[in-house]
$ cat query23.pdb   # PDB, C-alpha atoms and all ligand atoms
ATOM      1  CA  MET A   1       2.907  99.564 -38.903
ATOM      2  CA  ASN A   2      -0.389 100.309 -40.685
ATOM      3  CA  ILE A   3      -1.803 103.678 -41.756
ATOM      4  CA  GLN A   4      -3.792 104.082 -38.557
ATOM      5  CA  GLU A   5      -0.708 103.361 -36.433
ATOM      6  CA  ASN A   6       1.350 105.850 -38.448
ATOM      7  CA  HIS A   7      -1.331 108.488 -38.011
ATOM      8  CA  ASN A   8      -1.389 107.799 -34.306
ATOM      9  CA  LEU A   9       2.410 108.174 -34.189
ATOM     10  CA  GLU A  10       2.151 111.540 -35.894
ATOM     11  CA  ILE A  11      -0.443 112.796 -33.403
ATOM     12  CA  ILE A  12       1.534 111.581 -30.399
ATOM     13  CA  VAL A  13       4.767 113.194 -31.604
ATOM     14  CA  SER A  14       3.171 116.509 -32.535
ATOM     15  CA  ASN A  15       1.376 116.686 -29.166
ATOM     16  CA  ILE A  16       4.639 116.058 -27.318
ATOM     17  CA  TYR A  17       6.310 118.761 -29.388
ATOM     18  CA  LYS A  18       3.569 121.257 -28.506
ATOM     19  CA  ARG A  19       3.638 120.231 -24.835
ATOM     20  CA  TYR A  20       7.351 120.948 -24.471
ATOM     21  CA  ARG A  21       7.796 123.676 -27.083
ATOM     22  CA  GLU A  22       8.062 126.369 -24.408
ATOM     23  CA  CYS A  23      10.069 124.284 -21.972
ATOM     24  CA  ILE A  24      13.395 126.118 -21.842
ATOM     25  CA  GLY A  25      15.681 127.432 -19.140
ATOM     26  CA  GLN A  26      15.631 124.122 -17.233
ATOM     27  CA  GLY A  27      19.098 122.982 -18.268
ATOM     28  CA  LYS A  28      22.373 124.352 -19.585
ATOM     29  CA  VAL A  29      23.979 124.156 -23.020
ATOM     30  CA  ALA A  30      27.352 122.332 -22.924
ATOM     31  CA  ASP A  31      30.146 124.870 -22.597
ATOM     32  CA  TYR A  32      33.276 122.802 -22.016
ATOM     33  CA  ILE A  33      33.636 122.570 -25.804
ATOM     34  CA  PRO A  34      33.727 126.305 -26.710
ATOM     35  CA  THR A  35      31.783 126.156 -30.002
ATOM     36  CA  LEU A  36      28.898 124.256 -28.368
ATOM     37  CA  SER A  37      28.354 127.112 -25.900
ATOM     38  CA  THR A  38      27.281 129.371 -28.787
ATOM     39  CA  VAL A  39      24.358 127.158 -29.863
ATOM     40  CA  ASN A  40      20.899 128.757 -29.489
ATOM     41  CA  PRO A  41      19.306 126.794 -26.594
ATOM     42  CA  ASP A  42      15.780 127.344 -27.832
ATOM     43  CA  GLN A  43      15.764 124.693 -30.552
ATOM     44  CA  PHE A  44      13.708 121.534 -30.463
ATOM     45  CA  ALA A  45      13.118 118.782 -32.990
ATOM     46  CA  ILE A  46      11.668 115.282 -33.043
ATOM     47  CA  SER A  47      11.889 112.781 -35.914
ATOM     48  CA  VAL A  48      10.542 109.237 -36.076
ATOM     49  CA  ALA A  49      11.235 106.677 -38.777
ATOM     50  CA  THR A  50       9.640 103.256 -38.943
ATOM     51  CA  VAL A  51      11.307 100.135 -40.349
ATOM     52  CA  ASP A  52       8.642  99.987 -43.043
ATOM     53  CA  GLY A  53       9.383 103.436 -44.394
ATOM     54  CA  PHE A  54       7.101 105.925 -42.619
ATOM     55  CA  GLN A  55       8.747 109.141 -41.423
ATOM     56  CA  TYR A  56       7.457 112.082 -39.442
ATOM     57  CA  SER A  57       9.356 115.121 -38.140
ATOM     58  CA  ILE A  58       8.435 118.297 -36.325
ATOM     59  CA  GLY A  59      10.298 121.420 -35.148
ATOM     60  CA  ASP A  60      13.899 122.250 -36.109
ATOM     61  CA  TYR A  61      14.426 118.924 -37.828
ATOM     62  CA  THR A  62      16.360 120.326 -40.780
ATOM     63  CA  THR A  63      18.899 122.074 -38.536
ATOM     64  CA  GLY A  64      22.138 120.149 -38.130
ATOM     65  CA  PHE A  65      23.790 119.849 -34.719
ATOM     66  CA  SER A  66      26.858 118.208 -33.261
ATOM     67  CA  ILE A  67      26.046 114.542 -32.674
ATOM     68  CA  GLN A  68      28.900 114.162 -30.153
ATOM     69  CA  SER A  69      28.633 110.853 -28.246
ATOM     70  CA  ILE A  70      25.893 109.527 -30.511
ATOM     71  CA  SER A  71      28.803 108.858 -32.897
ATOM     72  CA  LYS A  72      30.037 106.179 -30.462
ATOM     73  CA  VAL A  73      27.255 103.874 -31.676
ATOM     74  CA  PHE A  74      28.406 104.242 -35.288
ATOM     75  CA  THR A  75      32.050 103.499 -34.518
ATOM     76  CA  LEU A  76      31.120 100.512 -32.351
ATOM     77  CA  ALA A  77      28.905  99.121 -35.125
ATOM     78  CA  MET A  78      31.741  99.580 -37.634
ATOM     79  CA  LEU A  79      34.306  97.921 -35.438
ATOM     80  CA  SER A  80      32.095  95.009 -34.408
ATOM     81  CA  SER A  81      31.851  93.883 -38.008
ATOM     82  CA  LEU A  82      35.621  94.265 -38.524
ATOM     83  CA  MET A  83      36.941  92.852 -35.271
ATOM     84  CA  GLY A  84      34.267  90.550 -33.851
ATOM     85  CA  ASP A  85      34.442  89.421 -30.251
ATOM     86  CA  ASP A  86      38.086  90.450 -29.773
ATOM     87  CA  ILE A  87      36.795  93.961 -28.985
ATOM     88  CA  TRP A  88      35.727  92.709 -25.579
ATOM     89  CA  LYS A  89      39.301  91.917 -24.545
ATOM     90  CA  SER A  90      39.906  95.681 -24.419
ATOM     91  CA  VAL A  91      36.545  97.173 -23.380
ATOM     92  CA  GLY A  92      33.972  96.009 -20.828
ATOM     93  CA  ARG A  93      30.206  95.785 -21.014
ATOM     94  CA  GLU A  94      29.081  97.127 -17.661
ATOM     95  CA  PRO A  95      27.598 100.502 -16.753
ATOM     96  CA  SER A  96      30.212 102.721 -15.131
ATOM     97  CA  GLY A  97      28.012 104.645 -12.706
ATOM     98  CA  ASN A  98      30.362 107.576 -13.326
ATOM     99  CA  SER A  99      30.227 110.587 -15.602
ATOM    100  CA  PHE A 100      31.124 110.065 -19.250
ATOM    101  CA  ASN A 101      34.599 111.587 -18.991
ATOM    102  CA  SER A 102      35.608 110.202 -15.605
ATOM    103  CA  LEU A 103      39.150 108.948 -15.034
ATOM    104  CA  VAL A 104      38.823 107.274 -11.644
ATOM    105  CA  GLN A 105      37.802 103.704 -12.559
ATOM    106  CA  LEU A 106      40.409 103.380 -15.277
ATOM    107  CA  GLU A 107      43.339 103.302 -12.877
ATOM    108  CA  TYR A 108      41.744 100.655 -10.649
ATOM    109  CA  GLU A 109      40.656  98.599 -13.631
ATOM    110  CA  LYS A 110      44.040  98.646 -15.359
ATOM    111  CA  GLY A 111      43.146 100.722 -18.393
ATOM    112  CA  ILE A 112      40.122  98.627 -19.468
ATOM    113  CA  PRO A 113      37.150 101.000 -19.785
ATOM    114  CA  ARG A 114      33.824  99.836 -18.388
ATOM    115  CA  ASN A 115      31.935 100.115 -21.687
ATOM    116  CA  PRO A 116      32.213 101.511 -25.238
ATOM    117  CA  PHE A 117      29.924 104.499 -24.593
ATOM    118  CA  ILE A 118      31.879 106.351 -21.927
ATOM    119  CA  ASN A 119      34.671 108.440 -23.440
ATOM    120  CA  ALA A 120      37.450 106.028 -22.448
ATOM    121  CA  GLY A 121      35.691 103.092 -24.117
ATOM    122  CA  ALA A 122      34.863 105.049 -27.253
ATOM    123  CA  ILE A 123      38.481 106.200 -27.489
ATOM    124  CA  VAL A 124      39.612 102.534 -27.478
ATOM    125  CA  ILE A 125      37.070 101.729 -30.214
ATOM    126  CA  THR A 126      38.369 104.618 -32.346
ATOM    127  CA  ASP A 127      41.951 103.492 -31.708
ATOM    128  CA  ARG A 128      41.176 100.000 -33.030
ATOM    129  CA  LEU A 129      39.344 101.446 -36.036
ATOM    130  CA  LEU A 130      42.615 103.160 -36.942
ATOM    131  CA  ASN A 131      44.052  99.653 -37.408
ATOM    132  CA  TYR A 132      41.793  99.024 -40.370
ATOM    133  CA  SER A 133      41.787 100.504 -43.776
ATOM    134  CA  LYS A 134      39.872  99.593 -46.897
ATOM    135  CA  ASN A 135      41.208  99.535 -50.450
ATOM    136  CA  GLU A 136      39.293 100.704 -53.509
ATOM    137  CA  ASN A 137      37.516  97.318 -53.723
ATOM    138  CA  ASN A 138      36.205  97.808 -50.202
ATOM    139  CA  GLN A 139      38.467  95.054 -48.856
ATOM    140  CA  VAL A 140      39.921  95.498 -45.405
ATOM    141  CA  THR A 141      43.695  95.836 -45.656
ATOM    142  CA  GLY A 142      46.212  97.043 -43.136
ATOM    143  CA  LEU A 143      46.914  99.974 -40.926
ATOM    144  CA  SER A 144      44.867 103.090 -41.588
ATOM    145  CA  THR A 145      46.038 106.655 -41.507
ATOM    146  CA  ARG A 146      43.799 108.912 -39.453
ATOM    147  CA  GLY A 147      42.628 110.507 -42.707
ATOM    148  CA  ARG A 148      41.410 107.165 -44.062
ATOM    149  CA  ALA A 149      39.670 106.331 -40.799
ATOM    150  CA  LYS A 150      37.861 109.665 -40.776
ATOM    151  CA  GLU A 151      36.748 109.114 -44.348
ATOM    152  CA  SER A 152      35.400 105.618 -43.612
ATOM    153  CA  ILE A 153      33.514 106.786 -40.504
ATOM    154  CA  LEU A 154      31.820 109.569 -42.460
ATOM    155  CA  ASN A 155      30.960 107.272 -45.383
ATOM    156  CA  PHE A 156      29.519 104.705 -43.015
ATOM    157  CA  VAL A 157      27.248 107.322 -41.418
ATOM    158  CA  LYS A 158      26.185 108.785 -44.783
ATOM    159  CA  GLU A 159      25.194 105.369 -46.075
ATOM    160  CA  LEU A 160      23.202 104.579 -42.932
ATOM    161  CA  ALA A 161      21.356 107.891 -43.102
ATOM    162  CA  GLY A 162      20.830 107.638 -46.860
ATOM    163  CA  SER A 163      22.145 111.203 -47.138
ATOM    164  CA  ASP A 164      25.264 112.756 -48.629
ATOM    165  CA  ASP A 165      24.681 115.982 -46.815
ATOM    166  CA  ILE A 166      26.583 115.040 -43.635
ATOM    167  CA  GLU A 167      29.999 116.473 -42.776
ATOM    168  CA  TYR A 168      32.517 116.949 -40.015
ATOM    169  CA  ASP A 169      32.285 120.373 -38.412
ATOM    170  CA  LYS A 170      35.993 121.174 -38.540
ATOM    171  CA  ILE A 171      35.630 124.229 -36.292
ATOM    172  CA  THR A 172      33.952 122.181 -33.546
ATOM    173  CA  ALA A 173      36.514 119.405 -33.982
ATOM    174  CA  GLN A 174      39.389 121.894 -33.549
ATOM    175  CA  SER A 175      37.619 123.568 -30.648
ATOM    176  CA  GLU A 176      37.323 120.193 -28.912
ATOM    177  CA  ILE A 177      40.903 119.127 -29.695
ATOM    178  CA  LEU A 178      42.176 122.336 -28.075
ATOM    179  CA  THR A 179      40.209 121.667 -24.896
ATOM    180  CA  ALA A 180      40.339 117.854 -24.799
ATOM    181  CA  GLU A 181      42.596 117.624 -21.738
ATOM    182  CA  ARG A 182      40.511 114.890 -20.110
ATOM    183  CA  ASN A 183      40.277 112.825 -23.300
ATOM    184  CA  PHE A 184      44.053 113.104 -23.799
ATOM    185  CA  ALA A 185      44.507 112.087 -20.159
ATOM    186  CA  LEU A 186      42.223 109.059 -20.632
ATOM    187  CA  ALA A 187      44.090 108.000 -23.777
ATOM    188  CA  HIS A 188      47.543 108.432 -22.206
ATOM    189  CA  LEU A 189      46.498 106.499 -19.113
ATOM    190  CA  MET A 190      45.161 103.663 -21.257
ATOM    191  CA  LYS A 191      48.299 103.711 -23.402
ATOM    192  CA  SER A 192      50.378 103.269 -20.249
ATOM    193  CA  PHE A 193      48.420 100.025 -19.707
ATOM    194  CA  GLY A 194      48.969  98.979 -23.339
ATOM    195  CA  ASN A 195      45.310  99.545 -24.281
ATOM    196  CA  ILE A 196      45.896 102.186 -26.982
ATOM    197  CA  GLU A 197      47.770 100.955 -30.050
ATOM    198  CA  ASN A 198      48.115 104.110 -32.155
ATOM    199  CA  SER A 199      49.502 107.551 -31.376
ATOM    200  CA  VAL A 200      47.384 109.391 -28.810
ATOM    201  CA  ASN A 201      47.299 112.448 -31.098
ATOM    202  CA  ASP A 202      45.907 110.443 -34.017
ATOM    203  CA  VAL A 203      43.317 108.742 -31.834
ATOM    204  CA  ILE A 204      42.042 111.919 -30.150
ATOM    205  CA  ASN A 205      42.057 113.807 -33.435
ATOM    206  CA  THR A 206      39.869 111.111 -35.014
ATOM    207  CA  TYR A 207      37.651 110.841 -31.916
ATOM    208  CA  CYS A 208      37.039 114.624 -31.804
ATOM    209  CA  HIS A 209      36.176 114.592 -35.498
ATOM    210  CA  GLN A 210      33.632 111.776 -35.128
ATOM    211  CA  CYS A 211      32.012 113.755 -32.263
ATOM    212  CA  SER A 212      31.825 116.855 -34.493
ATOM    213  CA  ILE A 213      29.721 115.150 -37.181
ATOM    214  CA  THR A 214      26.763 117.407 -37.908
ATOM    215  CA  MET A 215      23.377 115.803 -38.522
ATOM    216  CA  ASN A 216      19.737 116.714 -38.062
ATOM    217  CA  THR A 217      17.137 114.578 -36.302
ATOM    218  CA  GLN A 218      15.723 113.306 -39.582
ATOM    219  CA  GLN A 219      19.107 111.960 -40.643
ATOM    220  CA  LEU A 220      19.764 110.504 -37.194
ATOM    221  CA  ALA A 221      16.437 108.677 -37.005
ATOM    222  CA  ALA A 222      17.159 107.157 -40.429
ATOM    223  CA  ALA A 223      20.732 106.245 -39.495
ATOM    224  CA  PHE A 224      19.602 104.292 -36.402
ATOM    225  CA  LEU A 225      16.937 102.261 -38.195
ATOM    226  CA  PHE A 226      19.261  99.289 -38.700
ATOM    227  CA  LEU A 227      19.241  98.800 -34.918
ATOM    228  CA  ALA A 228      15.432  98.552 -34.994
ATOM    229  CA  ASN A 229      15.598  96.201 -37.965
ATOM    230  CA  GLY A 230      17.826  93.289 -36.926
ATOM    231  CA  GLY A 231      20.977  94.903 -38.340
ATOM    232  CA  ILE A 232      19.629  95.466 -41.861
ATOM    233  CA  ASN A 233      19.471  99.013 -43.196
ATOM    234  CA  PRO A 234      15.881  99.189 -44.492
ATOM    235  CA  LEU A 235      16.848 102.003 -46.878
ATOM    236  CA  THR A 236      19.279  99.787 -48.815
ATOM    237  CA  GLY A 237      18.315  96.272 -47.724
ATOM    238  CA  LYS A 238      22.000  95.721 -46.838
ATOM    239  CA  GLU A 239      23.158  94.020 -43.661
ATOM    240  CA  VAL A 240      25.112  96.542 -41.568
ATOM    241  CA  ILE A 241      25.835  94.170 -38.688
ATOM    242  CA  GLY A 242      24.506  90.701 -37.846
ATOM    243  CA  LYS A 243      21.500  90.001 -35.619
ATOM    244  CA  ARG A 244      23.693  89.030 -32.681
ATOM    245  CA  ASN A 245      25.674  92.277 -32.747
ATOM    246  CA  THR A 246      22.427  94.228 -33.123
ATOM    247  CA  LYS A 247      21.092  92.620 -29.963
ATOM    248  CA  ARG A 248      24.334  93.430 -28.186
ATOM    249  CA  ILE A 249      24.555  97.074 -29.259
ATOM    250  CA  ASN A 250      20.931  97.648 -28.249
ATOM    251  CA  ALA A 251      21.631  96.022 -24.882
ATOM    252  CA  LEU A 252      24.662  98.260 -24.387
ATOM    253  CA  MET A 253      22.627 101.355 -25.280
ATOM    254  CA  MET A 254      20.016 100.291 -22.742
ATOM    255  CA  THR A 255      22.530  99.719 -19.948
ATOM    256  CA  CYS A 256      25.186 102.347 -20.744
ATOM    257  CA  GLY A 257      23.857 104.762 -23.409
ATOM    258  CA  LEU A 258      23.124 107.628 -21.017
ATOM    259  CA  TYR A 259      26.145 107.124 -18.736
ATOM    260  CA  ASN A 260      25.275 107.455 -15.045
ATOM    261  CA  GLU A 261      21.680 108.215 -15.987
ATOM    262  CA  SER A 262      21.156 104.947 -17.897
ATOM    263  CA  GLY A 263      19.153 103.331 -15.105
ATOM    264  CA  ASP A 264      16.846 106.314 -14.822
ATOM    265  CA  PHE A 265      16.442 106.499 -18.606
ATOM    266  CA  ALA A 266      15.490 102.783 -18.713
ATOM    267  CA  TYR A 267      13.008 103.410 -15.884
ATOM    268  CA  ARG A 268      11.432 106.455 -17.500
ATOM    269  CA  VAL A 269      11.693 105.668 -21.219
ATOM    270  CA  GLY A 270      12.226 101.907 -21.425
ATOM    271  CA  LEU A 271      14.187 101.927 -24.683
ATOM    272  CA  PRO A 272      17.799 101.488 -25.793
ATOM    273  CA  GLY A 273      19.084 104.998 -26.448
ATOM    274  CA  LYS A 274      22.206 107.079 -26.944
ATOM    275  CA  SER A 275      22.744 110.697 -26.022
ATOM    276  CA  GLY A 276      25.334 113.328 -26.879
ATOM    277  CA  VAL A 277      26.318 116.648 -25.280
ATOM    278  CA  GLY A 278      25.094 118.451 -28.402
ATOM    279  CA  GLY A 279      21.617 117.754 -26.968
ATOM    280  CA  GLY A 280      20.620 114.872 -29.238
ATOM    281  CA  ILE A 281      19.200 111.536 -28.088
ATOM    282  CA  VAL A 282      18.301 108.644 -30.375
ATOM    283  CA  ALA A 283      16.284 105.627 -29.201
ATOM    284  CA  VAL A 284      14.901 102.538 -30.913
ATOM    285  CA  ILE A 285      11.913 100.256 -30.501
ATOM    286  CA  PRO A 286      13.274  96.966 -31.908
ATOM    287  CA  GLY A 287      11.159  95.694 -34.780
ATOM    288  CA  LYS A 288       9.330  98.993 -35.165
ATOM    289  CA  LEU A 289      11.028 102.364 -35.271
ATOM    290  CA  SER A 290      13.737 104.801 -34.273
ATOM    291  CA  ILE A 291      13.210 108.245 -32.792
ATOM    292  CA  ALA A 292      15.662 111.159 -32.628
ATOM    293  CA  VAL A 293      15.107 114.162 -30.372
ATOM    294  CA  TRP A 294      17.212 117.315 -30.143
ATOM    295  CA  SER A 295      17.156 120.077 -27.583
ATOM    296  CA  PRO A 296      20.533 121.609 -26.582
ATOM    297  CA  GLU A 297      19.917 122.316 -22.879
ATOM    298  CA  LEU A 298      21.454 119.532 -20.800
ATOM    299  CA  ASN A 299      20.808 118.256 -17.299
ATOM    300  CA  SER A 300      23.621 117.745 -14.796
ATOM    301  CA  ASN A 301      24.525 114.347 -16.323
ATOM    302  CA  GLY A 302      25.136 115.918 -19.732
ATOM    303  CA  ASN A 303      21.927 114.562 -21.290
ATOM    304  CA  SER A 304      19.248 116.652 -23.010
ATOM    305  CA  TYR A 305      16.733 117.789 -20.403
ATOM    306  CA  ARG A 306      13.817 118.240 -22.785
ATOM    307  CA  GLY A 307      14.909 115.252 -24.902
ATOM    308  CA  ILE A 308      14.440 112.830 -22.006
ATOM    309  CA  LYS A 309      11.052 114.324 -21.132
ATOM    310  CA  ALA A 310       9.892 113.995 -24.733
ATOM    311  CA  LEU A 311      11.032 110.370 -24.961
ATOM    312  CA  GLU A 312       9.439 109.504 -21.634
ATOM    313  CA  ASP A 313       6.098 110.827 -22.876
ATOM    314  CA  PHE A 314       6.577 109.119 -26.230
ATOM    315  CA  THR A 315       6.707 105.566 -24.841
ATOM    316  CA  THR A 316       4.037 106.373 -22.257
ATOM    317  CA  ASP A 317       1.606 107.853 -24.814
ATOM    318  CA  LEU A 318       2.347 105.150 -27.391
ATOM    319  CA  GLY A 319       2.032 102.409 -24.781
ATOM    320  CA  ILE A 320       5.051 100.610 -26.241
ATOM    321  CA  SER A 321       8.579 100.180 -24.924
ATOM    322  CA  VAL A 322      10.820  97.130 -24.733
ATOM    323  CA  PHE A 323       9.079  96.269 -21.449
TER
HETATM  324  N1  LIG B   1      33.039 114.975 -27.484
HETATM  325  C1  LIG B   1      32.506 114.854 -26.170
HETATM  326  C2  LIG B   1      33.615 114.525 -25.189
HETATM  327  O1  LIG B   1      34.457 113.774 -25.507
HETATM  328  C3  LIG B   1      31.468 113.784 -26.174
HETATM  329  C4  LIG B   1      30.800 113.641 -24.836
HETATM  330  C5  LIG B   1      29.333 113.392 -24.889
HETATM  331  O2  LIG B   1      28.639 113.663 -25.861
HETATM  332  N2  LIG B   1      28.799 112.918 -23.775
HETATM  333  O3  LIG B   1      33.677 115.016 -24.099
END

$ encode --input "query23.pdb" --output "structure tokens" --more "lines below"
Ligand code: GLN
Amino acid sequence: MNIQENHNLEIIVSNIYKRYRECIGQGKVADYIPTLSTVNPDQFAISVATVDGFQYSIGDYTTGFSIQSISKVFTLAMLSSLMGDDIWKSVGREPSGNSFNSLVQLEYEKGIPRNPFINAGAIVITDRLLNYSKNENNQVTGLSTRGRAKESILNFVKELAGSDDIEYDKITAQSEILTAERNFALAHLMKSFGNIENSVNDVINTYCHQCSITMNTQQLAAAFLFLANGGINPLTGKEVIGKRNTKRINALMMTCGLYNESGDFAYRVGLPGKSGVGGGIVAVIPGKLSIAVWSPELNSNGNSYRGIKALEDFTTDLGISVF
């Protein structure tokens, strides 16, 4: 994008920020994970990053928050380069039409989750990641311990974001583990169908840690740039995943990234995106940029109320979406 386009981007984003700065009290901060209920609802940040190196942020963009389900994109990207197409024997690629932590379809569909972005699907992805470990030469070896898996997930995210200042929030992870009855239920049900290979405790422990990763919008926009750039991290020039897997992950974000609100998000925003119950949403315009928005109040589908509004205005004001 040229200087004029970057300037335009800056004006559009700062106007959206001003437009919605006072928009609070419309949704509800997630409270089923106890530590999330203590987050100040009146926080709002937007960051954009373009594939050619321009960045602009406004609001609380240096404040870290729990990325929650946004982490599912990172683990899927990691696993797709390790496991290839075999992933799709264990997880589907269709929207579920149900809430992110629903159990109902899993019984009918014999323990194969609809897609990798609902909890059940992400839990399978994390389970398979536990099967891989890397030695000091970065070669994939055998079975991982949960400690090794957690370390590789965090390193993967740090490298994508180009930042060392990203950590697990151990208090949030513990808080979620203690209240993760539905996630344990999903994992046990899938294990009864043979679709979880490791111990349920190890899998849920790792899954709750990946959800507790704390990042700000600036780091998240940077970390998603590879999906706007054909799988290459523009910060390092390294291929993260191939072009084909990039196309696929973007397609899955478009169709399943906001759970049972994915259709409405495609209609209103027109971009592949991924949300989390911490109030973050990240979206990409392939070939151009990524945008991360954070506002903790959620709508009834568990997606950021103000985040969706901001993204809807962003593609409308910019006049660009994937459509
Ligand atoms: N950690 C959350 C859970 O498993 C993630 C859900 C979300 O962000 N939608 O319930």

$ closest_residue --input "query23.pdb" --among "A:Glu176, A:Asp313, A:Asp60, A:Asp31" --to "ligand LIG 1 (chain B)" --atoms "all atoms listed in the file"
A:Glu176

$ resolve_selection --input "query23.pdb" --expression "the PyMOL selection byres (((not hetatm)) within 7 of (chain B and resi 1))" --output "number ranges by chain"
A: 68-70, 100-101, 119, 176, 183, 208, 211, 275-278, 302

$ residues_around --input "query23.pdb" --residues "region 78-81 of chain A" --least-positions-apart "2" --cutoff "10 Å" --atoms "all atoms listed in the file" --output "compact mmCIF listing (two decimals) with C-alpha atoms, keeping the file's coordinate frame"
# COMPACT_ATOMS: atom_id res chain seq x y z
CA LYS A 72 30.04 106.18 -30.46
CA VAL A 73 27.26 103.87 -31.68
CA PHE A 74 28.41 104.24 -35.29
CA THR A 75 32.05 103.50 -34.52
CA LEU A 76 31.12 100.51 -32.35
CA MET A 83 36.94 92.85 -35.27
CA GLY A 84 34.27 90.55 -33.85
CA ASP A 85 34.44 89.42 -30.25
CA ASP A 86 38.09 90.45 -29.77
CA ILE A 87 36.80 93.96 -28.98
CA TRP A 88 35.73 92.71 -25.58
CA ILE A 125 37.07 101.73 -30.21
CA THR A 126 38.37 104.62 -32.35
CA ARG A 128 41.18 100.00 -33.03
CA LEU A 129 39.34 101.45 -36.04
CA LEU A 130 42.62 103.16 -36.94
CA TYR A 132 41.79 99.02 -40.37
CA SER A 152 35.40 105.62 -43.61
CA ILE A 153 33.51 106.79 -40.50
CA PHE A 156 29.52 104.70 -43.02
CA VAL A 157 27.25 107.32 -41.42
CA VAL A 240 25.11 96.54 -41.57
CA ILE A 241 25.84 94.17 -38.69
CA GLY A 242 24.51 90.70 -37.85
CA ASN A 245 25.67 92.28 -32.75
CA THR A 246 22.43 94.23 -33.12
CA ILE A 249 24.56 97.07 -29.26

$ resolve_selection --input "query23.pdb" --expression "the PyMOL selection byres (((chain A and resi 5-14) around 12) and not hetatm)" --output "NGL selection string"
:A and (1-4 or 15-21 or 44-59 or 288-293 or 310-320)

$ atom_distance --input "query23.pdb" --atom1 "CA of Val282 (chain A)" --atom2 "CA of Gln174 (chain A)"
25.1 Å

$ residues_around --input "query23.pdb" --residues "Tyr259 (chain A)" --least-positions-apart "4" --cutoff "8 Å" --atoms "all atoms listed in the file" --output "list in words"
Pro95, Ser96, Gly97, Asn98, Ser99, Phe100, Phe117, Ile118 and Asn301 of chain A

$ closest_residue --input "query23.pdb" --among "A:Lys247, A:Lys110, A:Lys238, A:His209" --to "Lys191 (chain A)" --atoms "only C-alpha atoms"
A:Lys110

$ atom_distance --input "query23.pdb" --atom1 "CA of Val284 (chain A)" --atom2 "CA of Gly92 (chain A)"
22.5 Å

$ resolve_selection --input "query23.pdb" --expression "the PyMOL selection byres (((chain A and resi 202) around 12) and not hetatm)" --output "short mmCIF file (atom, residue, chain, number, x, y, z; two decimals) with C-alpha atoms, keeping the file's coordinate frame"
data_model
loop_
_atom_site.label_atom_id
_atom_site.label_comp_id
_atom_site.auth_asym_id
_atom_site.auth_seq_id
_atom_site.Cartn_x
_atom_site.Cartn_y
_atom_site.Cartn_z
CA ILE A 123 38.48 106.20 -27.49
CA THR A 126 38.37 104.62 -32.35
CA ASP A 127 41.95 103.49 -31.71
CA ARG A 128 41.18 100.00 -33.03
CA LEU A 129 39.34 101.45 -36.04
CA LEU A 130 42.62 103.16 -36.94
CA ASN A 131 44.05 99.65 -37.41
CA SER A 144 44.87 103.09 -41.59
CA THR A 145 46.04 106.66 -41.51
CA ARG A 146 43.80 108.91 -39.45
CA GLY A 147 42.63 110.51 -42.71
CA ARG A 148 41.41 107.16 -44.06
CA ALA A 149 39.67 106.33 -40.80
CA LYS A 150 37.86 109.66 -40.78
CA ILE A 177 40.90 119.13 -29.70
CA PHE A 184 44.05 113.10 -23.80
CA ALA A 187 44.09 108.00 -23.78
CA ILE A 196 45.90 102.19 -26.98
CA GLU A 197 47.77 100.96 -30.05
CA ASN A 198 48.12 104.11 -32.16
CA SER A 199 49.50 107.55 -31.38
CA VAL A 200 47.38 109.39 -28.81
CA ASN A 201 47.30 112.45 -31.10
CA VAL A 203 43.32 108.74 -31.83
CA ILE A 204 42.04 111.92 -30.15
CA ASN A 205 42.06 113.81 -33.44
CA THR A 206 39.87 111.11 -35.01
CA TYR A 207 37.65 110.84 -31.92
CA CYS A 208 37.04 114.62 -31.80
CA HIS A 209 36.18 114.59 -35.50
#

$ atom_distance --input "query23.pdb" --atom1 "CA of Leu186 (chain A)" --atom2 "CA of Leu106 (chain A)"
8.0 Å

$ residues_near_point --input "query23.pdb" --point "(26.0, 118.4, -43.4)" --cutoff "9 Å" --atoms "all atoms listed in the file" --output "list of chain:residue names"
A:Gly64, A:Ser163, A:Asp164, A:Asp165, A:Ile166, A:Glu167, A:Tyr168, A:Asp169, A:Ile213, A:Thr214, A:Met215, A:Asn216

$ closest_residue --input "query23.pdb" --among "A:Lys89, A:Lys243, A:Arg306, A:His188" --to "Val29 (chain A)" --atoms "all atoms listed in the file"
A:Arg306

$ residues_around --input "query23.pdb" --residues "Asn299 (chain A)" --least-positions-apart "2" --cutoff "8 Å" --atoms "only C-alpha atoms" --output "mmCIF file with C-alpha atoms, keeping the file's coordinate frame"
data_model
loop_
_atom_site.group_PDB
_atom_site.id
_atom_site.type_symbol
_atom_site.label_atom_id
_atom_site.label_comp_id
_atom_site.auth_asym_id
_atom_site.auth_seq_id
_atom_site.Cartn_x
_atom_site.Cartn_y
_atom_site.Cartn_z
ATOM 1 C CA GLN A 26 15.631 124.122 -17.233
ATOM 2 C CA GLY A 27 19.098 122.982 -18.268
ATOM 3 C CA LYS A 28 22.373 124.352 -19.585
ATOM 4 C CA GLU A 297 19.917 122.316 -22.879
ATOM 5 C CA ASN A 301 24.525 114.347 -16.323
ATOM 6 C CA GLY A 302 25.136 115.918 -19.732
ATOM 7 C CA ASN A 303 21.927 114.562 -21.290
ATOM 8 C CA SER A 304 19.248 116.652 -23.010
ATOM 9 C CA TYR A 305 16.733 117.789 -20.403
#

$ closest_residue --input "query23.pdb" --among "A:Ala283, A:Leu298, A:Ile308, A:Ala223" --to "Gly25 (chain A)" --atoms "all atoms listed in the file"
A:Leu298

$ closest_residue --input "query23.pdb" --among "A:Val322, A:Leu160, A:Leu103, A:Val91" --to "Gly231 (chain A)" --atoms "all atoms listed in the file"
A:Leu160

$ axis_aligned_box --input "query23.pdb" --around "region 106-123 of chain A" --padding-each-side "3 Å" --output "lines of an AutoDock Vina configuration file"
center_x = 37.0
center_y = 103.5
center_z = -19.1
size_x = 20.1
size_y = 15.8
size_z = 22.8
